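Single-structure report; data block below.
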Amino acid sequence: MKFFKIWIAVQVVVLLVYTLFVGQSQGWDLLAVFFGDIQRLGWPGQFNLDFSMMLGVSALWVLWRNRFGPKGV
């Protein structure tokens with residue numbers, strides 16, 4: 001269990017540092033970049049669309065599993 005907590009902490013730190021570098025070099029307008037990639041019909045857009053759909057399916061499953069109650073939201 002301790003290894004898992006350390007691994008999660010390392011991942012969070014790496015993601016935060018990476019996000020800071022990307023935000024400084026490309027700007028902080030994530031949604032314009034995200035949907036712009038989808039609109040250009042390239043591989044980055046395909047990944048973004050797939051990722052969005054998987055997040056949507058996961059969210060619907062959590063909601064359904066909790067009978068669309070407050071706990072699921």
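Ordering of the structure tokens sets the chain letters (A, B, ...), residue numbers begin anew at 1 in every chain, and ligands are numbered from 1 in the order given.
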Practice item. Excluding Gly72 in chain A and residues on its chain fewer than 3 positions from it, collect all residues at most 10 Å away from it, counting only C-alpha atoms, and give them as an NGL selection string. Key: :A and (59-69)
Expected file contents, prior selection, N, CA, C and O atoms, as an mmCIF file, in the first residue's frame:
```
data_model
loop_
_atom_site.group_PDB
_atom_site.id
_atom_site.type_symbol
_atom_site.label_atom_id
_atom_site.label_comp_id
_atom_site.auth_asym_id
_atom_site.auth_seq_id
_atom_site.Cartn_x
_atom_site.Cartn_y
_atom_site.Cartn_z
ATOM 1 N N ALA A 59 -18.318 8.125 -16.660
ATOM 2 C CA ALA A 59 -19.211 8.948 -15.836
ATOM 3 C C ALA A 59 -20.626 8.374 -15.832
ATOM 4 O O ALA A 59 -21.271 8.297 -14.779
ATOM 5 N N LEU A 60 -21.113 7.961 -16.994
ATOM 6 C CA LEU A 60 -22.455 7.370 -17.057
ATOM 7 C C LEU A 60 -22.532 6.082 -16.256
ATOM 8 O O LEU A 60 -23.530 5.814 -15.585
ATOM 9 N N TRP A 61 -21.477 5.270 -16.287
ATOM 10 C CA TRP A 61 -21.463 4.026 -15.534
ATOM 11 C C TRP A 61 -21.511 4.304 -14.031
ATOM 12 O O TRP A 61 -22.249 3.649 -13.296
ATOM 13 N N VAL A 62 -20.718 5.280 -13.573
ATOM 14 C CA VAL A 62 -20.725 5.630 -12.148
ATOM 15 C C VAL A 62 -22.105 6.140 -11.751
ATOM 16 O O VAL A 62 -22.638 5.766 -10.701
ATOM 17 N N LEU A 63 -22.694 6.988 -12.567
ATOM 18 C CA LEU A 63 -24.046 7.482 -12.276
ATOM 19 C C LEU A 63 -25.061 6.347 -12.222
ATOM 20 O O LEU A 63 -25.866 6.253 -11.296
ATOM 21 N N TRP A 64 -25.036 5.463 -13.211
ATOM 22 C CA TRP A 64 -25.972 4.344 -13.264
ATOM 23 C C TRP A 64 -25.790 3.426 -12.064
ATOM 24 O O TRP A 64 -26.753 2.986 -11.445
ATOM 25 N N ARG A 65 -24.533 3.143 -11.737
ATOM 26 C CA ARG A 65 -24.221 2.247 -10.619
ATOM 27 C C ARG A 65 -24.762 2.792 -9.295
ATOM 28 O O ARG A 65 -25.150 2.029 -8.413
ATOM 29 N N ASN A 66 -24.786 4.102 -9.179
ATOM 30 C CA ASN A 66 -25.304 4.739 -7.969
ATOM 31 C C ASN A 66 -26.747 5.204 -8.139
ATOM 32 O O ASN A 66 -27.207 6.087 -7.427
ATOM 33 N N ARG A 67 -27.424 4.633 -9.136
ATOM 34 C CA ARG A 67 -28.840 4.913 -9.406
ATOM 35 C C ARG A 67 -29.131 6.390 -9.614
ATOM 36 O O ARG A 67 -30.150 6.910 -9.179
ATOM 37 N N PHE A 68 -28.191 7.065 -10.233
ATOM 38 C CA PHE A 68 -28.323 8.487 -10.578
ATOM 39 C C PHE A 68 -28.630 9.356 -9.361
ATOM 40 O O PHE A 68 -29.250 10.409 -9.482
ATOM 41 N N GLY A 69 -28.166 8.919 -8.208
ATOM 42 C CA GLY A 69 -28.378 9.668 -6.974
ATOM 43 C C GLY A 69 -27.231 10.621 -6.694
ATOM 44 O O GLY A 69 -26.247 10.705 -7.447
#
```
Show me a table, sorted first by chain and then by increasing residue number, of the residues of range 26-49 of chain A having an atom at most 12 Å from range 54-57 of chain A, each with its shortest atom pair and the distance in Å to one decimal, counting only C-alpha atoms and written as CSV.
```
residue,atom,partner,partner_atom,distance
A:Phe47,CA,A:Met54,CA,10.5
A:Asn48,CA,A:Met54,CA,9.9
A:Leu49,CA,A:Met54,CA,8.7
```
